[in-house]
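Beneath this line is the structure, given in structure tokens, with notes to follow.
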Amino acid sequence: MSHYHPLSEAEAIEIARSIKEVFPQDGEFVCREIGDGNLNLVFHITQPATGAGIIVKQALPYVKVFGESWPLTVDRARIENQALIKQGEISPGLVPKVYKTDTEMALTVMEDLSDHVIMRKGLIEGGVYPAFAEQISEFAARTLFFTSDLGMSPQDKKLLVQSFVNPHMCKISEDLIFEEPYYDAKANNIDEAIRDAAEANWADEELKLEVALLREKFLVSAQALLHGDLHTGSIFVTPESTKVIDPEFAYFGPMGFDIGAILANLLLNFAAQEHWSADEAARRDRRAYLLNTVRDVWTLFEAKFRKLWNEQGTDRLLGSAAFQDDYMRRLLQDTVGFAGAKTVRRVYGFAHVADIDSIPDAAAKERAQRLALAIGTSLIKGNRQASSIEDVIRIATEAA
Ligand code: ADP
Ligand code: MG
Ligand code: MG
Ligand code: MG
């Protein structure tokens, strides 16, 4: 395919038709664009005769905000498909299979995961995902370890960093997560009911120091290849299966940014449970399930990461038990801090989450927002003192 242009449905079908491993025989195709249309087109193409399907995702060269279009490089499609391929090599079965990529057209042709549900939606509907903690911790431990200086040679890692330089998308994260929520930025989306809580954060110098330190880590640490946007809207689940999608924000950054994103989005759902649970007993059970998942994700991640290090670590000099313990302590603290920052930005920053925003009752929504803010700010302020995942559980439990 030649010069970049947004795909038509007919063109998307022609691309799908060429993927013989999914569609061995020709026939009628049906195409539907299922993306939210802000940044990317997502075409779902199916063949009714066989039931087979495929996804064609294409990056658009602009992003729609405030009713305006801002330019945004489509290089993120290359980053996304290279990250999916890398992650698939390192953690098989935990990302969609990539069938075809086209850098000029900014597209990725991938496995259809329509038999899964987006985890944010699944959690809102009360779903339980027994395999999730095991599988997402496997994804995080393997992708982070094997792209770090612990799991690959530092020379090879530096070469790999070059392929994932993602300045435009990193700038979006810098602004949305570490800047705008800490002053009266135009881009913030603040419900009038909680304006006092946002203003309190803008005046909180202790909080802003911790956010500045986290932002510095986000900017300068090239610890490992991150997914970069690992919220529950980027994770497809069934009770048996977990698949991570949408790594267009991938870059070499601090590992805690990815693990913190997972924990933050479980905690945002936790904060919304006054509405989503039918009664007090159900709410107690649901919150216990979510906090157990938070605990399991970290605990399993830590065990898997240490095992990889002990069995497959490439470093000799730094492979001491004392260094490993120190490294894991710092990684937990980063995770706690980034989890806090990712919680706060989803309450009154530019982009919210449906877990809280779709609560119809204004008073219940306000209580959920305030609870999420209490948890998020405590995590940020406490990040450098954290010594165990139980600190996160305690903060959420005491705030609720
Ligand atoms: P964006 O980067 O624009 O957020 P996503 O990659 O998150 O795009 O995809 C947007 C939506 O498209 C997802 O929430 C999901 O509903 C659908 N989708 C994306 N990838 C797949 C896939 N591999 N299989 C099935 N549906 C998908
Ligand atoms: Mg989207
Ligand atoms: Mg997405
Ligand atoms: Mg995306």
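Chain labels follow the order of the structure tokens: the first chain is A, the next B, and so on; residue numbering restarts at 1 in every chain, and ligands are counted from 1 in their shown order.
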Point to revise | Contacts of segment 103-120 of chain A at 6 Å (only C-alpha atoms; same-chain gap of 6+ positions) as a PyMOL selection string | key: chain A and resi 4+53-59+74+77-78+96-97+232-233+235-238
Check your understanding: What residues have any atom no more than 8 Å from ligand 2 when counting only C-alpha atoms and all ligand atoms, and can you list them as a PyMOL selection string?
Key -> chain A and resi 35-40
Each segment 265-300 of chain A residue no farther than 8 Å from segment 362-373 of chain A, nearest pair in Å, only C-alpha atoms, as JSON lines:
{"residue": "A:Leu267", "atom": "CA", "partner": "A:Ala372", "partner_atom": "CA", "distance": 7.3}
{"residue": "A:Leu268", "atom": "CA", "partner": "A:Ala372", "partner_atom": "CA", "distance": 6.0}
{"residue": "A:Ala271", "atom": "CA", "partner": "A:Ala368", "partner_atom": "CA", "distance": 5.2}
{"residue": "A:Ala272", "atom": "CA", "partner": "A:Ala368", "partner_atom": "CA", "distance": 5.0}
{"residue": "A:Gln273", "atom": "CA", "partner": "A:Ala368", "partner_atom": "CA", "distance": 7.8}
{"residue": "A:Glu274", "atom": "CA", "partner": "A:Ala364", "partner_atom": "CA", "distance": 7.2}
{"residue": "A:His275", "atom": "CA", "partner": "A:Ala364", "partner_atom": "CA", "distance": 6.6}
**Study point:** Near-Pro254 of chain A list (9 Å; only C-alpha atoms; drop same-chain fewer than 2 positions) as a PyMOL selection string
**Key:** chain A and resi 217-226+252+256-258+331+334
Keeping only N, CA and C atoms, write the selected residues as a CSV table (one decimal), in the first residue's frame.
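Saved to selection-v6.csv:
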chain,number,residue,atom,x,y,z
A,217,LYS,N,11.3,10.5,37.4
A,217,LYS,CA,11.5,9.1,37.1
A,217,LYS,C,10.9,8.7,35.7
A,218,PHE,N,9.7,9.2,35.5
A,218,PHE,CA,9.1,8.9,34.2
A,218,PHE,C,9.9,9.5,33.0
A,219,LEU,N,10.5,10.6,33.3
A,219,LEU,CA,11.3,11.3,32.2
A,219,LEU,C,12.7,10.6,32.0
A,220,VAL,N,13.4,10.3,33.1
A,220,VAL,CA,14.8,9.9,32.9
A,220,VAL,C,15.1,8.4,33.1
A,221,SER,N,14.2,7.6,33.7
A,221,SER,CA,14.5,6.2,33.9
A,221,SER,C,14.2,5.4,32.6
A,222,ALA,N,15.1,4.7,32.1
A,222,ALA,CA,14.9,3.8,31.0
A,222,ALA,C,15.1,2.3,31.4
A,223,GLN,N,14.4,2.0,32.5
A,223,GLN,CA,14.6,0.7,33.1
A,223,GLN,C,14.2,-0.5,32.2
A,224,ALA,N,13.1,-0.4,31.6
A,224,ALA,CA,12.6,-1.5,30.7
A,224,ALA,C,11.6,-1.0,29.7
A,225,LEU,N,11.2,-1.8,28.8
A,225,LEU,CA,10.2,-1.5,27.8
A,225,LEU,C,8.8,-1.6,28.4
A,226,LEU,N,8.2,-0.5,28.6
A,226,LEU,CA,6.9,-0.5,29.2
A,226,LEU,C,5.8,-0.6,28.2
A,252,PHE,N,10.8,3.1,26.8
A,252,PHE,CA,11.7,2.6,27.9
A,252,PHE,C,11.5,3.6,29.1
A,256,GLY,N,7.6,0.5,37.5
A,256,GLY,CA,6.5,0.8,38.4
A,256,GLY,C,5.4,1.5,37.7
A,257,PHE,N,5.7,2.2,36.6
A,257,PHE,CA,4.6,2.9,35.8
A,257,PHE,C,3.6,1.9,35.3
A,258,ASP,N,4.0,0.7,34.8
A,258,ASP,CA,3.1,-0.3,34.3
A,258,ASP,C,2.3,-1.0,35.4
A,331,LEU,N,11.2,-0.8,43.5
A,331,LEU,CA,10.2,-1.0,42.5
A,331,LEU,C,8.8,-1.0,43.1
A,334,ASP,N,8.0,2.7,43.7
A,334,ASP,CA,7.6,3.4,42.4
A,334,ASP,C,6.2,3.0,42.0
**Study point:** 9 Å contact set for Ala261 of chain A, only C-alpha atoms, chain neighbours under 6 positions out, as number ranges by chain
**Key:** A: 228-232, 335, 338-340, 342-343
Within 8 Å of ligand 3, counting only C-alpha atoms and all ligand atoms, residues as a JSON list (two decimals) with N, CA and C atoms, in the first residue's frame:
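Now in part_30.json:
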[["chain", "number", "residue", "atom", "x", "y", "z"],
["A", 233, "GLY", "N", -8.79, -0.72, 30.52],
["A", 233, "GLY", "CA", -9.33, -0.59, 29.16],
["A", 233, "GLY", "C", -8.38, -1.12, 28.09],
["A", 234, "SER", "N", -7.16, -1.46, 28.49],
["A", 234, "SER", "CA", -6.18, -2.04, 27.56],
["A", 234, "SER", "C", -5.99, -3.53, 27.82],
["A", 245, "ILE", "N", -3.71, -5.36, 25.09],
["A", 245, "ILE", "CA", -3.73, -4.69, 23.78],
["A", 245, "ILE", "C", -3.24, -3.24, 23.92],
["A", 246, "ASP", "N", -3.14, -2.56, 22.81],
["A", 246, "ASP", "CA", -3.01, -1.10, 22.74],
["A", 246, "ASP", "C", -1.73, -0.51, 23.36]]
Check your understanding: When distances are computed from only C-alpha atoms and all ligand atoms, which of A:Glu80, A:Asp315, A:Glu68, A:Glu206 shows the smallest separation from ligand 1?
Key ->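 Ranking A:Glu80, A:Asp315, A:Glu68, A:Glu206 by distance to ligand 1, first place goes to A:Glu80.
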**Study point:** Backbone-only DSSP, alpha helix (DSSP H) members of segment 38-285 of chain A, as a VMD selection string
**Key:** chain A and resid 75 to 90 119 to 124 132 to 145 154 to 163 167 to 173 195 to 202 205 to 220 256 to 271 273 to 276 280 to 285
Residues just named, written with C-alpha atoms as a compact mmCIF listing (two decimals), in the first residue's frame:
# COMPACT_ATOMS: atom_id res chain seq x y z
CA ASP A 75 4.66 6.61 14.21
CA ARG A 76 2.82 5.34 17.29
CA ALA A 77 1.34 2.59 15.08
CA ARG A 78 4.87 1.32 14.38
CA ILE A 79 5.64 1.50 18.11
CA GLU A 80 2.40 -0.36 18.86
CA ASN A 81 2.97 -3.23 16.46
CA GLN A 82 6.65 -3.57 17.32
CA ALA A 83 5.74 -3.66 21.01
CA LEU A 84 3.00 -6.27 20.38
CA ILE A 85 5.47 -8.43 18.47
CA LYS A 86 8.16 -8.08 21.16
CA GLN A 87 5.70 -8.73 23.98
CA GLY A 88 4.35 -11.78 22.12
CA GLU A 89 7.88 -13.20 21.83
CA ILE A 90 8.62 -12.59 25.51
CA MET A 119 -11.70 -5.66 31.73
CA ARG A 120 -13.02 -2.22 32.72
CA LYS A 121 -16.45 -3.20 31.38
CA GLY A 122 -16.19 -6.67 32.92
CA LEU A 123 -15.36 -5.23 36.36
CA ILE A 124 -18.17 -2.69 36.16
CA PHE A 132 -6.12 -12.47 35.82
CA ALA A 133 -3.57 -11.91 38.61
CA GLU A 134 -1.52 -14.93 37.54
CA GLN A 135 -1.52 -13.94 33.87
CA ILE A 136 -1.05 -10.17 34.13
CA SER A 137 1.79 -10.69 36.63
CA GLU A 138 3.36 -13.12 34.16
CA PHE A 139 3.02 -10.51 31.39
CA ALA A 140 4.54 -7.75 33.55
CA ALA A 141 7.33 -9.86 35.05
CA ARG A 142 8.47 -11.26 31.71
CA THR A 143 8.13 -8.14 29.53
CA LEU A 144 9.80 -5.92 32.13
CA PHE A 145 12.55 -8.35 33.15
CA PRO A 154 23.04 -3.60 28.38
CA GLN A 155 24.48 -3.19 24.86
CA ASP A 156 21.55 -4.95 23.21
CA LYS A 157 19.17 -3.01 25.42
CA LYS A 158 20.56 0.32 24.24
CA LEU A 159 20.02 -0.75 20.65
CA LEU A 160 16.45 -1.77 21.44
CA VAL A 161 15.73 1.57 23.13
CA GLN A 162 16.23 3.23 19.74
CA SER A 163 13.20 1.45 18.28
CA PRO A 167 8.36 11.46 22.37
CA HIS A 168 4.90 12.53 21.24
CA MET A 169 3.06 9.90 23.30
CA CYS A 170 5.34 10.42 26.32
CA LYS A 171 4.50 14.13 26.21
CA ILE A 172 0.81 13.27 26.42
CA SER A 173 1.45 11.12 29.50
CA ARG A 195 -13.46 21.51 42.84
CA ASP A 196 -12.40 22.08 46.45
CA ALA A 197 -10.52 18.75 46.43
CA ALA A 198 -8.68 19.66 43.22
CA GLU A 199 -7.79 23.07 44.66
CA ALA A 200 -6.50 21.38 47.81
CA ASN A 201 -4.12 19.33 45.66
CA TRP A 202 -2.89 22.44 43.83
CA GLU A 205 3.37 21.24 48.37
CA GLU A 206 4.14 17.83 49.89
CA LEU A 207 1.96 16.14 47.26
CA LYS A 208 3.45 18.18 44.41
CA LEU A 209 7.01 17.33 45.49
CA GLU A 210 6.21 13.61 45.28
CA VAL A 211 4.55 14.07 41.87
CA ALA A 212 7.60 16.00 40.63
CA LEU A 213 9.85 13.13 41.78
CA LEU A 214 7.63 10.59 40.01
CA ARG A 215 7.60 12.74 36.89
CA GLU A 216 11.40 12.92 36.97
CA LYS A 217 11.52 9.12 37.10
CA PHE A 218 9.06 8.92 34.20
CA LEU A 219 11.32 11.26 32.19
CA VAL A 220 14.80 9.90 32.93
CA GLY A 256 6.50 0.80 38.37
CA PHE A 257 4.61 2.88 35.81
CA ASP A 258 3.08 -0.29 34.28
CA ILE A 259 2.40 -2.19 37.50
CA GLY A 260 1.04 1.00 39.09
CA ALA A 261 -1.40 1.42 36.20
CA ILE A 262 -2.90 -2.02 36.85
CA LEU A 263 -3.26 -1.38 40.58
CA ALA A 264 -4.68 2.14 40.07
CA ASN A 265 -7.46 0.90 37.82
CA LEU A 266 -8.44 -1.85 40.28
CA LEU A 267 -8.56 0.85 42.98
CA LEU A 268 -10.67 3.18 40.81
CA ASN A 269 -13.20 0.36 40.47
CA PHE A 270 -12.93 -0.22 44.24
CA ALA A 271 -13.75 3.45 44.83
CA GLN A 273 -18.38 0.14 44.47
CA GLU A 274 -20.86 2.06 46.58
CA HIS A 275 -22.81 2.34 43.33
CA TRP A 276 -21.99 -0.90 41.51
CA GLU A 280 -23.52 -3.61 51.81
CA ALA A 281 -22.64 -7.29 51.96
CA ALA A 282 -22.07 -7.42 48.19
CA ARG A 283 -19.95 -4.28 48.40
CA ARG A 284 -17.80 -5.79 51.14
CA ASP A 285 -17.26 -8.94 49.06
Point to revise | Expected answer as a list in words: strand (DSSP E or B) residues in segment 158-258 of chain A | key: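 These are the residues in question: Ala224, Leu225, Leu226, Ile235, Phe236, Val237, Thr242, Lys243, Val244, Tyr251, Phe252 and Gly253 of chain A.
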Practice item. Go ahead and compute the interatomic distance for atom CA of Asn189 of chain A and atom 3 (O, counted along the ligand's line) of ligand 1, in Å to one decimal. Key: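 These two atoms are separated by 20.0 Å.
When atom CA of Ser8 of chain A is paired with atom CA of Val98 of chain A, their separation reads 20.7 Å.
Proximity ranking of A:Ala278, A:Ile194, A:Ile380, A:Ile19 relative to Tyr348 of chain A places A:Ile194 first, based on only C-alpha atoms.
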Check your understanding: Restricting the calculation to only C-alpha atoms and all ligand atoms, which member of A:Arg394, A:Arg345, A:Arg17, A:Arg32 is positioned closest to ligand 1?
Key ->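 Smallest distance to ligand 1 is found for A:Arg32.
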Check your understanding: Looking at A:Lys381, A:His227, A:His3, A:His44, which one is nearest to ligand 4, with distances taken over only C-alpha atoms and all ligand atoms?
Key ->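 When distances to ligand 4 are compared using only C-alpha atoms and all ligand atoms, the smallest one comes from A:His227.
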Exercise for review: Provide the atom CA of Glu174 of chain A to atom 6 (O, counted along the ligand's line) of ligand 1 distance in Å, to one decimal place.
Suggested key: 20.5 Å
